[in-house]
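The next block is structure37.csv, given as CSV, C-alpha atoms.
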chain,number,residue,atom,x,y,z
A,1,MET,CA,-25.6,-100.9,0.2
A,2,PRO,CA,-25.2,-99.9,3.8
A,3,GLN,CA,-21.6,-101.0,3.6
A,4,PHE,CA,-21.0,-98.7,0.6
A,5,ILE,CA,-22.5,-95.7,2.4
A,6,SER,CA,-20.2,-96.3,5.4
A,7,GLU,CA,-17.1,-96.3,3.1
A,8,ILE,CA,-18.2,-93.0,1.6
A,9,GLU,CA,-18.5,-91.5,5.1
A,10,PHE,CA,-15.1,-92.8,6.0
A,11,MET,CA,-13.6,-91.2,3.0
A,12,LYS,CA,-15.2,-87.8,3.8
A,13,LYS,CA,-13.7,-87.9,7.3
A,14,ILE,CA,-10.3,-88.7,5.9
A,15,ILE,CA,-10.5,-85.8,3.4
A,16,PHE,CA,-11.7,-83.4,6.2
A,17,ILE,CA,-8.8,-84.4,8.4
A,18,LEU,CA,-6.3,-83.8,5.6
A,19,LEU,CA,-7.8,-80.4,4.8
A,20,CYS,CA,-7.5,-79.3,8.5
A,21,PHE,CA,-3.9,-80.5,8.6
A,22,LEU,CA,-3.0,-78.6,5.4
A,23,SER,CA,-4.6,-75.4,6.7
A,24,SER,CA,-2.8,-75.5,10.0
A,25,VAL,CA,0.5,-76.2,8.2
A,26,GLY,CA,-0.1,-73.2,5.9
A,27,ALA,CA,-0.9,-70.9,8.8
A,28,MET,CA,2.2,-71.9,10.6
A,29,ALA,CA,4.3,-71.3,7.5
A,30,GLN,CA,2.7,-67.8,7.1
A,31,GLU,CA,3.6,-67.0,10.7
A,32,GLU,CA,7.2,-68.1,10.2
A,33,VAL,CA,7.4,-66.0,7.0
A,34,ALA,CA,6.0,-63.0,8.8
A,35,GLU,CA,8.4,-63.5,11.7
A,36,GLN,CA,11.2,-63.7,9.3
A,37,GLN,CA,10.2,-60.4,7.6
A,38,LEU,CA,10.2,-58.5,10.9
A,39,PRO,CA,13.5,-56.8,11.6
A,40,THR,CA,15.6,-57.6,14.6
A,41,TYR,CA,17.1,-54.8,16.6
A,42,GLN,CA,19.8,-54.5,19.3
A,43,PHE,CA,18.2,-52.3,21.9
A,44,GLN,CA,18.1,-51.5,25.6
A,45,PHE,CA,15.9,-49.4,28.0
A,46,ASP,CA,16.8,-46.9,30.7
A,47,SER,CA,14.2,-48.7,32.7
A,48,THR,CA,11.3,-51.0,32.0
A,49,THR,CA,9.4,-49.7,35.0
A,50,PHE,CA,8.3,-46.1,35.2
A,51,MET,CA,5.6,-43.9,36.8
A,52,LEU,CA,2.4,-43.1,35.0
A,53,GLY,CA,3.1,-40.1,32.7
A,54,ASP,CA,6.8,-40.4,33.1
A,55,GLN,CA,9.1,-41.4,30.3
A,56,THR,CA,11.7,-44.1,29.6
A,57,VAL,CA,14.3,-43.9,26.8
A,58,LEU,CA,14.7,-46.7,24.3
A,59,SER,CA,18.1,-46.8,22.5
A,60,ILE,CA,18.5,-48.8,19.3
A,61,GLN,CA,21.8,-49.6,17.7
A,62,PRO,CA,22.4,-49.0,14.0
A,63,ALA,CA,20.2,-51.1,11.8
A,64,PRO,CA,19.3,-51.1,8.1
A,65,ILE,CA,15.8,-49.8,8.9
A,66,MET,CA,15.1,-47.8,12.0
A,67,PRO,CA,11.6,-47.9,13.6
A,68,THR,CA,9.5,-44.8,13.5
A,69,LEU,CA,7.4,-43.2,16.2
A,70,GLU,CA,4.3,-44.9,14.7
A,71,ASP,CA,6.1,-48.3,14.7
A,72,LEU,CA,6.9,-47.9,18.5
A,73,THR,CA,3.5,-46.8,19.5
A,74,ASN,CA,1.4,-49.9,20.5
A,75,ASN,CA,-0.4,-51.4,23.5
A,76,ASP,CA,-0.9,-48.1,25.4
A,77,ILE,CA,2.8,-47.2,25.0
A,78,VAL,CA,3.2,-43.9,23.2
A,79,ALA,CA,6.4,-42.9,21.4
A,80,VAL,CA,6.6,-39.1,21.9
A,81,ARG,CA,9.9,-38.1,20.3
A,82,GLN,CA,13.1,-39.4,18.7
A,83,TRP,CA,16.7,-38.1,18.2
A,84,MET,CA,19.8,-39.6,16.6
A,85,ASP,CA,23.3,-39.6,18.0
A,86,THR,CA,25.3,-39.2,14.8
A,87,ALA,CA,28.6,-40.1,16.5
A,88,SER,CA,27.5,-43.6,17.4
A,89,GLY,CA,24.5,-44.0,15.1
A,90,THR,CA,22.2,-44.8,18.0
A,91,LEU,CA,18.5,-43.9,17.7
A,92,TYR,CA,16.9,-42.7,21.0
A,93,THR,CA,13.1,-42.8,21.5
A,94,ALA,CA,11.3,-41.4,24.5
A,95,LEU,CA,8.3,-43.6,25.5
A,96,THR,CA,5.5,-42.9,27.9
A,97,SER,CA,2.1,-44.3,29.0
A,98,PHE,CA,-1.0,-43.0,30.7
A,99,GLU,CA,-2.4,-46.4,31.5
A,100,GLU,CA,-1.1,-48.2,34.5
A,101,GLY,CA,-0.3,-51.9,34.4
A,102,GLU,CA,1.9,-54.2,32.3
A,103,HIS,CA,2.2,-53.5,28.6
A,104,TRP,CA,4.0,-55.5,25.9
A,105,LEU,CA,6.0,-53.2,23.5
A,106,HIS,CA,6.7,-54.8,20.1
A,107,ILE,CA,10.1,-53.8,18.7
A,108,GLY,CA,10.4,-55.4,15.4
A,109,ALA,CA,10.4,-59.2,15.9
A,110,ASP,CA,10.9,-58.8,19.7
A,111,SER,CA,8.6,-57.8,22.5
A,112,VAL,CA,9.4,-56.2,25.9
A,113,LEU,CA,7.2,-56.0,28.9
A,114,LEU,CA,7.0,-52.5,30.4
A,115,THR,CA,5.4,-51.8,33.8
A,116,VAL,CA,3.6,-48.6,34.3
A,117,MET,CA,3.0,-47.8,38.0
A,118,ASP,CA,0.3,-45.5,39.2
A,119,VAL,CA,1.0,-42.4,41.2
A,120,PRO,CA,0.9,-43.3,44.9
A,121,ASN,CA,-2.0,-41.8,46.9
A,122,VAL,CA,-1.1,-38.5,48.6
A,123,ASP,CA,-2.3,-37.9,52.1
A,124,THR,CA,-3.7,-34.3,52.0
A,125,THR,CA,-4.8,-34.3,55.7
A,126,ASN,CA,-1.3,-33.6,57.0
A,127,THR,CA,-0.2,-31.4,54.0
A,128,ASN,CA,-0.3,-27.6,54.1
A,129,ILE,CA,-2.1,-26.8,50.9
A,130,ARG,CA,-1.6,-23.2,49.8
A,131,ASP,CA,-3.2,-21.1,47.0
A,132,ILE,CA,-1.3,-20.6,43.8
A,133,ALA,CA,1.2,-17.7,44.2
A,134,ASP,CA,0.4,-14.4,42.4
A,135,VAL,CA,2.2,-13.6,39.2
A,136,PHE,CA,5.6,-12.0,40.0
A,137,ARG,CA,6.0,-8.7,38.1
A,138,GLN,CA,9.6,-8.0,37.1
A,139,PRO,CA,10.5,-4.3,37.6
A,140,TYR,CA,10.9,-2.2,34.4
A,141,THR,CA,14.5,-1.6,33.3
A,142,PHE,CA,15.9,1.7,32.2
A,143,GLY,CA,16.0,0.5,28.6
A,144,GLU,CA,12.3,-0.4,28.5
A,145,VAL,CA,11.3,2.9,30.1
A,146,ALA,CA,13.5,4.8,27.6
A,147,LYS,CA,12.0,2.9,24.7
A,148,VAL,CA,8.4,3.8,25.8
A,149,VAL,CA,9.3,7.4,26.3
A,150,GLY,CA,11.0,7.6,22.9
A,151,ILE,CA,7.8,6.1,21.2
A,152,VAL,CA,5.6,8.6,23.0
A,153,LEU,CA,7.8,11.6,22.1
A,154,GLY,CA,7.9,10.4,18.5
A,155,ILE,CA,4.1,10.2,18.3
A,156,LEU,CA,3.8,13.7,19.8
A,157,ALA,CA,6.3,15.0,17.3
A,158,ILE,CA,4.3,13.5,14.4
A,159,LEU,CA,1.0,15.0,15.8
A,160,VAL,CA,2.5,18.4,16.3
A,161,GLY,CA,4.0,18.4,12.8
A,162,ALA,CA,0.7,17.2,11.3
A,163,TYR,CA,-1.1,20.0,13.1
A,164,PHE,CA,1.4,22.6,11.9
A,165,VAL,CA,1.1,21.4,8.3
A,166,ILE,CA,-2.8,21.3,8.3
A,167,ASN,CA,-3.0,24.7,9.9
A,168,ARG,CA,-0.7,26.2,7.3
A,169,ILE,CA,-2.8,24.6,4.5
A,170,ARG,CA,-6.0,25.8,5.9
A,171,ASN,CA,-4.7,29.4,6.1
A,172,HIS,CA,-3.3,29.1,2.6
A,173,LYS,CA,0.1,30.0,3.9
A,174,PRO,CA,3.1,28.2,2.4
A,175,ILE,CA,5.4,26.5,4.9
A,176,ILE,CA,8.4,28.0,3.2
A,177,ALA,CA,7.8,31.6,2.0
A,178,ILE,CA,8.9,32.0,-1.5
A,179,PRO,CA,9.6,35.6,-2.4
A,180,GLN,CA,7.3,36.8,-5.2
A,181,ALA,CA,8.4,39.0,-8.0
A,182,PRO,CA,7.0,42.6,-7.8
A,183,PRO,CA,3.9,43.1,-10.0
A,184,LEU,CA,4.5,44.8,-13.3
A,185,PRO,CA,3.3,48.4,-13.7
A,186,PRO,CA,0.0,48.6,-15.4
A,187,HIS,CA,1.4,50.3,-18.6
A,188,THR,CA,4.1,47.6,-18.9
A,189,LYS,CA,1.6,44.9,-18.4
A,190,ALA,CA,-0.6,46.5,-21.1
A,191,LEU,CA,2.2,46.8,-23.6
A,192,ASN,CA,3.2,43.1,-23.1
A,193,GLU,CA,-0.4,42.1,-23.7
A,194,LEU,CA,-0.6,44.2,-26.8
A,195,GLU,CA,2.6,42.6,-28.1
A,196,TYR,CA,1.1,39.1,-27.4
A,197,LEU,CA,-2.0,40.1,-29.2
A,198,ARG,CA,0.0,41.2,-32.2
A,199,GLN,CA,1.8,37.9,-32.3
A,200,GLN,CA,-1.4,35.9,-32.3
A,201,GLN,CA,-2.4,37.4,-35.7
A,202,LEU,CA,-6.1,37.1,-35.1
A,203,TRP,CA,-7.4,39.4,-37.8
A,204,GLN,CA,-5.1,37.7,-40.3
A,205,GLN,CA,-7.0,34.5,-39.5
A,206,GLY,CA,-10.4,36.1,-40.0
A,207,LYS,CA,-11.0,36.6,-36.3
A,208,VAL,CA,-11.6,40.4,-36.6
A,209,LYS,CA,-14.2,40.7,-33.9
A,210,GLU,CA,-12.1,38.7,-31.4
A,211,TYR,CA,-9.0,40.9,-32.3
A,212,HIS,CA,-10.7,44.2,-31.6
A,213,THR,CA,-12.5,42.9,-28.5
A,214,ASN,CA,-9.2,41.8,-27.0
A,215,LEU,CA,-7.6,45.1,-28.0
A,216,THR,CA,-10.2,47.3,-26.2
A,217,ASP,CA,-10.2,44.9,-23.2
A,218,ILE,CA,-6.5,45.5,-22.7
A,219,LEU,CA,-7.0,49.3,-22.8
A,220,ARG,CA,-10.1,49.2,-20.4
A,221,ASN,CA,-8.1,47.1,-17.9
A,222,TYR,CA,-5.2,49.5,-18.2
A,223,LEU,CA,-7.5,52.5,-17.4
A,224,GLU,CA,-9.0,50.6,-14.5
A,225,GLU,CA,-5.6,49.7,-12.9
A,226,SER,CA,-3.9,53.0,-13.6
A,227,TYR,CA,-6.7,55.6,-13.1
A,228,HIS,CA,-9.5,53.7,-11.4
A,229,ILE,CA,-11.8,54.2,-14.3
A,230,GLN,CA,-14.3,51.3,-14.3
A,231,SER,CA,-14.1,51.1,-18.1
A,232,THR,CA,-15.0,47.4,-18.3
A,233,GLU,CA,-18.5,48.3,-17.0
A,234,MET,CA,-18.9,51.5,-19.1
A,235,THR,CA,-19.9,52.3,-22.7
A,236,THR,CA,-17.5,54.0,-25.1
A,237,ASP,CA,-19.0,57.5,-24.3
A,238,GLN,CA,-18.9,56.9,-20.5
A,239,THR,CA,-15.3,55.7,-20.8
A,240,LEU,CA,-14.3,58.8,-22.8
A,241,ASP,CA,-16.1,61.2,-20.3
A,242,ALA,CA,-14.3,59.5,-17.4
A,243,PHE,CA,-10.9,59.7,-19.1
A,244,CYS,CA,-11.4,63.4,-19.8
A,245,GLY,CA,-11.8,63.9,-16.1
A,246,SER,CA,-8.6,62.0,-15.2
A,247,LYS,CA,-5.1,63.5,-14.7
A,248,ALA,CA,-3.9,61.5,-17.8
A,249,TYR,CA,-6.1,63.5,-20.1
A,250,SER,CA,-4.7,65.2,-23.2
A,251,PRO,CA,-6.5,66.0,-26.4
A,252,GLU,CA,-4.2,63.7,-28.4
A,253,ALA,CA,-4.7,60.8,-26.0
A,254,GLU,CA,-8.5,61.3,-25.9
A,255,ASN,CA,-8.6,61.3,-29.7
A,256,MET,CA,-6.6,58.1,-30.0
A,257,LEU,CA,-8.8,56.3,-27.4
A,258,ARG,CA,-11.9,57.5,-29.2
A,259,GLN,CA,-10.8,56.1,-32.5
A,260,ILE,CA,-9.9,52.7,-31.0
A,261,LEU,CA,-13.1,52.3,-29.1
A,262,GLN,CA,-15.3,53.5,-31.9
A,263,MET,CA,-13.6,51.2,-34.4
A,264,ALA,CA,-14.2,48.2,-32.1
A,265,ASP,CA,-17.9,49.2,-31.7
A,266,MET,CA,-18.3,49.2,-35.5
A,267,VAL,CA,-16.8,45.8,-35.7
A,268,LYS,CA,-18.7,44.3,-32.8
A,269,PHE,CA,-22.1,45.8,-33.2
A,270,ALA,CA,-22.3,47.0,-36.9
A,271,LYS,CA,-20.4,44.0,-38.2
A,272,SER,CA,-18.1,46.4,-40.1
A,273,GLU,CA,-15.1,44.9,-42.0
A,274,PRO,CA,-12.1,47.3,-41.6
A,275,LEU,CA,-9.3,47.3,-44.1
A,276,PRO,CA,-6.1,45.5,-43.2
A,277,HIS,CA,-4.2,48.8,-42.5
A,278,GLN,CA,-7.0,49.9,-40.1
A,279,HIS,CA,-6.3,46.9,-37.9
A,280,ASP,CA,-2.7,47.8,-37.7
A,281,PHE,CA,-3.6,51.5,-37.2
A,282,SER,CA,-5.8,50.6,-34.1
A,283,TYR,CA,-2.9,48.5,-32.7
A,284,GLN,CA,-0.3,51.4,-33.1
A,285,GLN,CA,-2.7,53.9,-31.6
A,286,ALA,CA,-3.2,51.6,-28.6
A,287,VAL,CA,0.5,51.3,-28.1
A,288,GLN,CA,0.9,55.1,-28.4
A,289,PHE,CA,-2.0,55.7,-26.0
A,290,VAL,CA,-0.5,53.6,-23.3
A,291,THR,CA,2.9,55.1,-23.8
A,292,ALA,CA,1.5,58.7,-23.7
A,293,THR,CA,-0.6,58.2,-20.6
A,294,ALA,CA,2.0,56.3,-18.5
A,295,PRO,CA,4.4,58.1,-16.2
A,296,LYS,CA,7.3,59.3,-18.4
A,297,ALA,CA,10.0,57.8,-16.2
A,298,GLU,CA,8.5,54.3,-16.5
A,299,THR,CA,7.3,54.4,-20.1
A,300,ALA,CA,8.4,51.4,-22.1
A,301,GLN,CA,7.4,50.0,-25.5
A,302,PRO,CA,7.7,46.4,-26.9
A,303,ALA,CA,10.5,46.1,-29.4
A,304,SER,CA,8.2,45.3,-32.3
A,305,ALA,CA,6.1,48.4,-31.7
A,306,THR,CA,9.1,50.7,-32.1
A,307,ASP,CA,10.3,48.9,-35.2
A,308,ASN,CA,7.1,49.4,-37.1
A,309,ASN,CA,6.2,52.7,-38.7
A,310,GLN,CA,2.7,54.0,-37.9
A,311,PRO,CA,0.5,53.5,-41.0
A,312,LYS,CA,-1.3,56.4,-42.5
A,313,GLU,CA,-5.0,56.6,-42.7

Do you think you could lay out the structure here as structure tokens?
Amino acid sequence: MPQFISEIEFMKKIIFILLCFLSSVGAMAQEEVAEQQLPTYQFQFDSTTFMLGDQTVLSIQPAPIMPTLEDLTNNDIVAVRQWMDTASGTLYTALTSFEEGEHWLHIGADSVLLTVMDVPNVDTTNTNIRDIADVFRQPYTFGEVAKVVGIVLGILAILVGAYFVINRIRNHKPIIAIPQAPPLPPHTKALNELEYLRQQQLWQQGKVKEYHTNLTDILRNYLEESYHIQSTEMTTDQTLDAFCGSKAYSPEAENMLRQILQMADMVKFAKSEPLPHQHDFSYQQAVQFVTATAPKAETAQPASATDNNQPKE
């Protein structure tokens, strides 16, 4: 029985030794495969020794796959920039380090030892240390001065123009004066308004009160503008009394004005319904009243008024 146990222990040792051997062989095979997968480059350095913070340049000849900045940054060596010489196909990489000492740089399957030296101590006891020089101010050129002056003058011109425009607007004065047509004489204005009233055909549409109100308003405004009779604020009798005292008075004109105003009062206050010919009669009398009381040299009638015959009562 003890002999059987010793044989088992012996077999276990043999198996353990075989397993260790197989694992070491596998690791070596993996390392060889990994080394075979790493690319091999043709490269050279400007210098493998440089000062702390300085740079050295690595040049790599054309290869199927060029290393990147990340590939070349390892072991405290930092790749800061790359550029390509298209003529020769050479890739240049600037390397630096901020850690003194010796550092291995892995370049594909190869490694290079770079030495970074510290900055030598500086003896400040015998050195004349001075303050930092003041900022040197370059004198202004003529072009710069002219540019500033032009900008200032442009701003002033804009401000003056804005002030001029705002002042004109506040005073209600147009910047460019447009000549206005001379105002129409009161009798011409009244005749034009009477013609417009006729064209509206208000009483034909059943707007009798509006028709006579507009008719008398035209005459009242005419009296106010021509003879300063405040007829718009007077009753019919007051208007007739004021007209009798004016230089335009004549019995015929006074009679026509009376009939027009009284007809309008009947329509507005007594709700009278005049006959159709009475509407036209009031209109014709209004035209004749304005024509008779206007200065003879300036009297004018609308064309439609002269074409229509005065209706009889």

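Excluding A:Leu202 and any residue on its chain fewer than 5 positions from it, the residues at most 7 Å away by all atoms listed in the file are Lys207, Val208 and Tyr211 of chain A.
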
Checklist entry - Which distance in Å separates atom CA of A:His187 and atom CA of A:Lys268, to one decimal? => result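 Going from atom CA of A:His187 over to atom CA of A:Lys268 covers 25.3 Å.
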
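Shortest separation to A:Gln42 among A:Glu9, A:Asp85, A:Asp110, A:Glu100 occurs at residue A:Asp110, atoms counted being only C-alpha atoms.
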
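Between atom CA of A:Ala270 and atom CA of A:Lys209 lies a distance of 10.7 Å.
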